[in-house]
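Quick notes on the structure that follows.
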There are 2 protein chains.
Amino acid sequence: MGKFTIGKVPLLLAAGLGLAAAAASADTLQDVAKTRGLSAQDLLAAAKTYVPTGKRDDFVAFSSGGQSGQVIVYGIPSMRILKYIGVFTPEPWQGYGFDEESKKVLAGGKIDGKDITWGDTHHPAMSETNGKYDGQFLFINDKANPRIAVIDLRDFETKQIVVNPIFKSEHGGAFVTENTDYIIEAAQYAAPLENKKFYPLEEFNDKYRGGVTYWKFDRKEGRIKPNESFSIELPPYAQDLSDAGKGPSDGWSFTNSFCAERYVGGIEKGRPPYEAGCSAKDTDYLHVINWRKAAELVKQGKAKKINGHNVIMMETAIKEGILFLVPENKSPHGADVTPDGKNIIVSGKLDTHATVFSFDKIMAAIKAGKFESKDPYGIPVIAMADAMDRQVQLGLGPLHTQFDSKPCIAYTSLYVDSQVAKWNYCNGQVLDKISVQYNIGHLMTMEGDSTDPKGHYLVALNKLAIDRFNPVGPLHPQNHQLIDISGDKMQLLYDMPIPLGEPHYVVAISADKLKPGVRYKVGTDSRTDKPHPGAVRAGEEKTVRKGNKLEVFGTLIRSHITPETIEAEVGDEITINLTNLERAEDETHGFTVSTFNTHASVEPGKTISVKFKADKEGVYPYYCTEFCSALHLEMMGYLLVKPKGWKAVKTSLAKGSYSEADYKAELKKVADTQAVIDSVVGYITSVNFKDFPDVVAMVEDATDQLGKMKDAKAKHEAAAAKKDWEQANLWAEQVFQYQVKAADLGLRAKTYLEQHGAHKVAK
Amino acid sequence: MGKFTIGKVPLLLAAGLGLAAAAASADTLQDVAKTRGLSAQDLLAAAKTYVPTGKRDDFVAFSSGGQSGQVIVYGIPSMRILKYIGVFTPEPWQGYGFDEESKKVLAGGKIDGKDITWGDTHHPAMSETNGKYDGQFLFINDKANPRIAVIDLRDFETKQIVVNPIFKSEHGGAFVTENTDYIIEAAQYAAPLENKKFYPLEEFNDKYRGGVTYWKFDRKEGRIKPNESFSIELPPYAQDLSDAGKGPSDGWSFTNSFCAERYVGGIEKGRPPYEAGCSAKDTDYLHVINWRKAAELVKQGKAKKINGHNVIMMETAIKEGILFLVPENKSPHGADVTPDGKNIIVSGKLDTHATVFSFDKIMAAIKAGKFESKDPYGIPVIAMADAMDRQVQLGLGPLHTQFDSKPCIAYTSLYVDSQVAKWNYCNGQVLDKISVQYNIGHLMTMEGDSTDPKGHYLVALNKLAIDRFNPVGPLHPQNHQLIDISGDKMQLLYDMPIPLGEPHYVVAISADKLKPGVRYKVGTDSRTDKPHPGAVRAGEEKTVRKGNKLEVFGTLIRSHITPETIEAEVGDEITINLTNLERAEDETHGFTVSTFNTHASVEPGKTISVKFKADKEGVYPYYCTEFCSALHLEMMGYLLVKPKGWKAVKTSLAKGSYSEADYKAELKKVADTQAVIDSVVGYITSVNFKDFPDVVAMVEDATDQLGKMKDAKAKHEAAAAKKDWEQANLWAEQVFQYQVKAADLGLRAKTYLEQHGAHKVAK
């Protein structure tokens with residue numbers, strides 16, 4: 001048993017800690033710390049964040065990718081990025097925007113008939129059941145081109161993009177109601193609601209409008225229903241972030257704003273810029289909306305159609321009593337509902353306070369008809385004092401608030417101070433502050449905007465990294481810092497550079513709530529979740545011509561593409577459907593045809609199609625783009641684009657030179673390899689491999705590979721009987737190739753079993 | 001002083017280790033290990049890879065992004081990804097493919113007149129001086145659409161893409177000669193060399209060809225010179241990877257191949273697939289080429305023009321004695337020249353051996369005219385036995401070899417065994433093996449393919465991750481595993497998921513060799529490195545109309561865009577040039593106009609332009625897309641697209657309601673804020689801040705911000721004198737905004753100084 005101490009208290013290590021393994025490097029932890037200049041605090045942080053090989057992270061974070069137009073998935077506490085999901089921007093690794101199925105998803109995001117090939121993603125939202133994250137869907141917005149996307153967490157693929165029918169920009173999306181009935185998206189910069197309609201800035205107050213859209217989500221279909229969605233017209237205050245009520249406040253939503261001054265800039269003409277005019281007054285407005293009643297009003301036909309979309313006009317909203325305003329400290333960012341649904345916390349970015357609004361008090365004022373005034377559009381304004389429990393001075397630039405698993409504990413980012421404040425919103429006490437590098441925007445705790453926050457960790461989304469990382473040119477990564485919030489004092493654990501895009505907000509879910517699949521039902525179109533019309537089974541591959549339309553129905557499996565030749569004529573419109581016949585986890589194939597700007601990622605069971613015009617004569621190789629197997633480079637074929645009317649002269653392929661002796665050598669190699677396989681199989685079956693599902697899957701896959709040998713064996717024997725030594729040799733070689741694939745799996749399984757402590761079992 | 005032990009030997013910690021800081025958590029390292037299930041070996045690995053906040057990684061790796069078409073930059077040993085560089089695929093965060101400057105770079109990669117909006121990157125190469133990495137340029141290939149890109153490491157931006165004029169696919173690029181005179185790119189799947197030329201597969205042996213291209217690189221200009229580049233025609237053996245000679249072998253290059261069988265598949269017609277036919281024989285060919293003499297031959301006019309490009313035909317190459325073949329074990333991947341340039345190591349993926357070829361022996365055979373045969377095209381073939389020092393049995397699926405800083409030590413990846421073998425190529429001894437998860441492709445040591453490898457670490461580029469990470473759907477990340485090679489036994493340190501793309505090969509350079517800039521000279525077009533014609537200085541912003549062409553010359557600075565209004569008519573062609581006036585590190589602004597599918601990232605000093613047709617009437621907000629400052633959301637403006645012939649009726653903007661009392665309150669706020677700033681300045685100047693260049697830069701920036709107050713102050717005072725309370729208030733508010741920016745910097749500087757141990761200085 002080893003001894004293991006830090007600080008002044010030497011402690012015995014439990015034998016179970018596995019110190020024996022490290023006996024060879026008995027003194028190295030100290031050496032490493034010395035050599036690498038690590039403090040004891042650093043070692044502690046390293047131990048708290050390191051995830052050893054084969055172990056998993058506790059939480060999975062979904063981060064907006066900012067201007068990359070993607071979603072970033074990373075693990076906590078290791079802060080390792082697991083995936084970039086293609087959302088608004090075409091991404092070829094995933095075939096996103098390069099196969100026909102995903103092009104249809106992207107086409108849903110066209111605006112005024114034109115492709116928009118990027119997005120400025122800001123706020124992801126996890127689907128909720130009773131206000132708790134359920135791990136089923138993720139929603140993300142595009143600020144620049146107001147859109148919302150739906151990602152299915154069964155396969156981490158984008159399934160739908162919808163365009164906001166009345167806004168020209170939005171920032172405050174996506175936020176979900178507590179059972180994900182609606183996804184909330186608020187406008188940002190006011191503009192006329194009618195599409196392609198110009199009004200001059202001189203008519204800003206009268207003709208420019210903001211608003212909030214409530215997108216209806218059909219959970220069973222996993223899609224937004226645009227026809228069942230609606231919006232509420234709002235004044236031209238730049239609406240910003242929202243949150244939906246929870247528990248007692250369910251049915252209501254809260255949206256903050258900036259530039260309630262309705263200022264119009266013009267620095268080029270000597271006018272003070274927007275930054276001055278939009279921050280001149282002390283308060284902006286929190287919009288309080290009864291969305292449940294609004295949905296009823298729409299059903300009652302009280303909405304107006306604008307651009308074909310249901311909009312409840314302000315006049316109606318005021319008359320029906322579903323829209324109220326509350327002053328909030330100026331230029332806030334975030335209206336964060338507490339886990340119990342009783343409070344809404346709003347911080348003024350140019351103020352030093354967080355305001356704890358009370359849902360009960362707001363309701364009481366509404367019920368009592370106690371309003372301090374009406375805004376210029378006639379919306380009742382509740383006095384700030386009547387709507388709040390308290391204000392708490394936190395520091396410079398308070399911005400966004402998230403919650404702890406402990407009651408009443410909140411964390412607020414301080415942009416100007418570059419700090420995180422930990423405070424109690426029930427009594428107003430500030431409990432702790434920690435400095436971050438630098439200029440934190442949003443922050444995020446584990447499931448921290450749900451009704452059931454998980455504590456443990458906080459991530460600071462810092463907007464500047466400056467000197468934190470190795471320099472990579474003028475464009476720096478951002479720095480997401482992981483902070484331990486399990487104790488009384490916050491502790492900085494890890495600096496994480498963001499290598500692509502500028503995340504604005506992140507959500508993190510307990511890893512055990514995510515249960516994505518590893519394969520599709522064979523022949524699935526993953527973007528519709530339905531059977532793909534281009535799918536075929538092994539042996540049913542075909543090429544069909546109808547006029548100048550050539551359609552291939554092919555398959556992919558280690559290590560060949562069927563067909564290996566596609567013969568076309570110049571001008572043909574070619575569609576290639578491909579089904580990945582693999583069942584094995586992670587056995588993805590890719591597909592491209594040289595210079596035709598098309599690419600697909602074909603995971604096990606998936607069917608994709610690529611489409612292009614063979615507009616040039618020539619010879620174009622196609623190949624598998626995922627290193628799938630030892631013979632990956634040989635997984636290829638040729639697209640032959642012939643001139644019109646071309647007639648073959650030579651009709652036989654060149655023969656290779658193969659002898660009977662070669663064939664015998666092949667057979668010996670096959671026999672030798674079988675001996676290796678048998679020994680590996682012997683090992684695997686000698687231990688409790690059935691206790692390891694991953695190994696069982698590998699064994700199944702290996703058995704599949706060996707099963708394919710039978711056909712190839714029959715072929716080489718038949719060819720040998722006819723003394724066709726080329727065919728005999730090559731089919732025998734094909735048997736060997738199946739053996740290599742099986743051996744590969746067997747060796748992988750063996751290593752896995754050895755490393756996971758498999759034990760001998762009685763035969 | 002604390003005690004700190006691991007294993008059986010308790011050791012005293014040097015006081016300098018800073019244990020005092022961790023006194024509060026005296027027993028927690030053990031607790032953490034227990035709670036998180038970490039072994040002592042895990043703690044050691046954590047300590048060896050953790051990089052504390054503000055510290056830097058020792059090495060920077062540049063990885064191909066596979067089918068993402070990008071380059072991935074990550075730090076070693078932390079394995080944190082620092083940046084994805086846009087190369088072949090448009091990437092909006094960087095504005096790559098969304099601003100006019102980068103569109104021109106991408107346009108260089110058009111094939112047959114059409115955009116190719118992705119790439120399949122495989123092999124990055126670092127520029128070399130005397131065979132050593134010099135950290136100046138990075139080159140990367142596109143396998144699918146044979147192209148090479150040039151990345152300048154002064155700003156980590158892609159500067160040039162060139163299209164291979166004679167190939168239809170390539171895999172073996174990029175490799176550089178020892179002074180980066182040429183970048184080597186080899187064909188992969190054979191095809192007719194003439195562009196858009198069809199020959200049937202029946203004429204494969206006669207009409208299909210491989211080849212190697214030598215791209216001339218002009219280091220001063222940082223660009224490839226296509227007109228000074230040339231190729232050598234090769235037989236239709238699928239050429240694969242290359243390496244350039246070094247030291248004694250400089251002037252020569254080596255390219256391996258697979259499918260020297262010249263097999264044509266056709267599984268859909270019952271023929272054995274490519275995988276069988278291309279691996280039937282025991283050997284393929286290593287191509288040995290005298291590229292220096294080849295370059296001379298081109299100058300002598302001995303090349304033939306194919307598609308306008310200089311190609312030395314095989315016949316000439318044979319006659320001139322610059323092309324030779326050596327059999328190599330079948331289906332190899334990599335021809336790796338040892339650091340001393342004396343050996344070339346080639347491993348057969350379907351064999352178990354690595355072959356150590358001898359450059360001297362190859363030269364001796366050539367000199368003696370000792371050839372075992374000629375290949376079907378008349379190329380002299382040197383006997384394997386005459387060309388090699390030895391063969392070493394390493395394991396199943398040996399693939400790629402890299403070198404240690406210690407003499408004679410090599411590391412070879414074993415794909416089928418999922419292992420790395422450490423061995424001595426001078427005496428053939430196998431020294432160590434380590435298992436990896438799973439199916440390693442390439443591997444990489446620090447500067448390990450240069451003449452001066454740095455040792456320390458090895459990265460295993462595993463092609464499958466399967467169960468290693470939290471599941472993220474059917475498409476898995478890959479797993480790059482970091483291995484410590486500093487001792488006799490290799491030790492696994494870290495599992496790194498690759499979140500986007502499938503890297504094929506990586507190069508890593510000592511971090512101190514990279515010296516990228518943090519800003520551009522004001523007004524630079526970063527893609528040409530020249531002054532941008534659209535650049536203007538502060539105060540010189542203007543909008544110019546010529547017919548229906550509207551051109552804006554604007555600027556960006558915290559927190560406004562000049563101009564804040566752009567007035568256009570439907571049908572106008574709009575060009576917006578923007579210069580980022582910031583000098584501060586990391587003070588990047590972004591720019592987009594709602595729904596016009598354009599985006600730019602504008603780092604300090606850079607000038608960009610975006611161009612689009614105002615083809616629809618309406619009001620379109622534009623804004624800064626990088627969270628640059630507290631008033632970032634207010635950094636916006638409106639593009640107004642008016643109907644043709646529209647005449648204004650209302651000509652004045654709405655007035656806000658501001659009083660003299662408001663103005664006085666503003667002045668008080670400004671005075672209070674100044675007090676805060678003064679106290680921060682007091683602190684900064686009380687310590688040795690001049691010893692910290694980052695702080696000096698912040699102070700300069702803050703001084704800049706405060707300097708801008710003067711003009712705004714004059715304006716608010718002038719307006720107040722005229723009792724124009726709106727203007728007086730707003731310009732006073734603008735003074736406050738400059739103060740906020742200065743305070744922000746001051747607080748950041750203060751935190752930095754406190755954390756970096758600044759000390760008091762005498763005034």
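Here's how to read the names in the structure tokens: chain A, B, ... by the order shown, residue numbers from 1 in each chain, ligand numbers from 1 in the order shown.
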
*Would you please extract all strand (DSSP E) residues from stretch 25-113 of chain B, as assigned by DSSP on the backbone, and give them as a PyMOL selection string?*
chain B and resi 59-64+70-76+81-86

_Members of stretch 347-436 of chain B assigned alpha helix (DSSP H) by DSSP, as a PyMOL selection string_ = chain B and resi 359-368+384-387

_Report, in Å to a single decimal, how far apart atom CA of A:Asn470 and atom CA of B:Tyr683 are._
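Taking atom CA of B:Tyr683 as the start and atom CA of A:Asn470 as the end point, the length is 28.7 Å.
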
*Counting only C-alpha atoms, what is within 12 Å of B:Lys546, bar same-chain residues fewer than 3 positions away, as an MDAnalysis selection string?*
chainID B and resid 543 549:552 568 572:575

Saved selection, atoms kept: C-alpha atoms, as a compact mmCIF listing (two decimals), in the first residue's frame:
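Wrote it out as part-v8.txt, contents follow:
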# COMPACT_ATOMS: atom_id res chain seq x y z
CA THR B 543 -19.91 56.75 -48.97
CA LYS B 549 -22.63 51.17 -57.47
CA LEU B 550 -22.59 52.29 -53.88
CA GLU B 551 -19.26 51.99 -52.06
CA VAL B 552 -18.83 52.56 -48.34
CA ALA B 568 -29.35 52.53 -50.97
CA ASP B 572 -27.70 48.88 -56.09
CA GLU B 573 -24.46 46.94 -56.02
CA ILE B 574 -23.09 47.62 -52.58
CA THR B 575 -19.47 47.30 -51.47

*A:Asp181 environment, 10 Å, only C-alpha atoms, sequence neighbours closer than 5 positions dropped, as a PyMOL selection string*: chain A and resi 127-129+176+214-219+224

Dump as a PDB file, in the first residue's frame, selection limited to C-alpha atoms:
ATOM      1  CA  SER A 127     -35.720  20.427 -24.430  1.00  0.00           C
ATOM      2  CA  GLU A 128     -37.417  20.182 -21.039  1.00  0.00           C
ATOM      3  CA  THR A 129     -40.016  18.015 -19.366  1.00  0.00           C
ATOM      4  CA  VAL A 176     -38.228  26.751 -24.180  1.00  0.00           C
ATOM      5  CA  TYR A 214     -43.502  31.441 -29.975  1.00  0.00           C
ATOM      6  CA  TRP A 215     -42.622  28.463 -32.179  1.00  0.00           C
ATOM      7  CA  LYS A 216     -44.866  25.440 -31.604  1.00  0.00           C
ATOM      8  CA  PHE A 217     -42.817  22.274 -31.143  1.00  0.00           C
ATOM      9  CA  ASP A 218     -44.203  18.822 -31.922  1.00  0.00           C
ATOM     10  CA  ARG A 219     -42.176  16.557 -29.706  1.00  0.00           C
ATOM     11  CA  ILE A 224     -41.389  22.836 -35.239  1.00  0.00           C
TER      12      ILE A 224
END

*Pick out the residues sitting within 8 Å of stretch 424-431 of chain B, and hand them over as a PyMOL selection string; count only C-alpha atoms, and ignore anything fewer than 4 positions along from it in its own chain.*
chain B and resi 356+390-392+394+408-410

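If you measure from each of A:Leu514, A:Ala61, A:Ala630, A:Ala191 to A:Thr445 using only C-alpha atoms, the closest one turns out to be A:Ala61.
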
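Candidate residues B:Ala718, B:Leu500, B:Met490, B:Ala671 were compared for distance to chain A, and the nearest is B:Leu500, using only C-alpha atoms.
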
*Residue among B:Thr316, B:Ser559, B:Ser64, B:Asn462 lying closest to chain A, counting only C-alpha atoms*: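 Between B:Thr316, B:Ser559, B:Ser64, B:Asn462, the residue approaching chain A most closely is B:Ser559.
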
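The coordinates place atom CA of B:Asp112 at 15.9 Å from atom CA of B:Asp142.
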
_When you look at stretch 136-141 of chain A with a cut-off of 9 Å (counting only C-alpha atoms), what residues show up, excluding the ones that are within fewer than 4 positions of it in the same chain? I need them as a ChimeraX atom specification._
/A:62,64,71,87,119-128,146-154,156,170-176,183,185,219,222,513-515

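Nearest-residue note for A:Gln67: choosing from B:Ile161, B:Ala508, B:Cys624, B:Val610, the minimum distance belongs to B:Cys624, counting only C-alpha atoms.
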
_Give me the residues near B:Lys521 as a list of chain:residue names, where near means some atom within 9 Å (using only C-alpha atoms) and where sequence neighbours in that chain fewer than 5 positions away do not count._
B:Pro531, B:Pro604, B:Gly605, B:Lys606

Filtering to N, CA and C atoms, could you give me those residues as a PDB file, in the first residue's frame?
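Below you can see part18.pdb, which holds the result:
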ATOM      1  N   PRO B 531      -1.474  46.895 -48.766  1.00  0.00           N
ATOM      2  CA  PRO B 531      -2.462  47.896 -48.339  1.00  0.00           C
ATOM      3  C   PRO B 531      -3.781  47.677 -49.081  1.00  0.00           C
ATOM      4  N   PRO B 604      -7.569  43.626 -35.452  1.00  0.00           N
ATOM      5  CA  PRO B 604      -6.979  44.958 -35.365  1.00  0.00           C
ATOM      6  C   PRO B 604      -6.097  45.295 -36.571  1.00  0.00           C
ATOM      7  N   GLY B 605      -6.410  46.411 -37.214  1.00  0.00           N
ATOM      8  CA  GLY B 605      -5.629  46.880 -38.357  1.00  0.00           C
ATOM      9  C   GLY B 605      -6.095  46.383 -39.704  1.00  0.00           C
ATOM     10  N   LYS B 606      -6.873  45.317 -39.717  1.00  0.00           N
ATOM     11  CA  LYS B 606      -7.282  44.714 -40.991  1.00  0.00           C
ATOM     12  C   LYS B 606      -8.354  45.550 -41.685  1.00  0.00           C
TER      13      LYS B 606
END

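Nearest residue to B:Val695, choosing from B:Leu475, B:Ala584, B:Ala762, B:Val212 and counting only C-alpha atoms: B:Ala584.
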
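Shortest atom-to-atom contact with B:Asp336 among B:Trp118, B:Trp725, B:Tyr438, B:Phe254: B:Phe254, counting only C-alpha atoms.
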
*Which distance in Å separates atom CA of A:Glu634 and atom CA of B:Leu286, to one decimal?*
17.7 Å
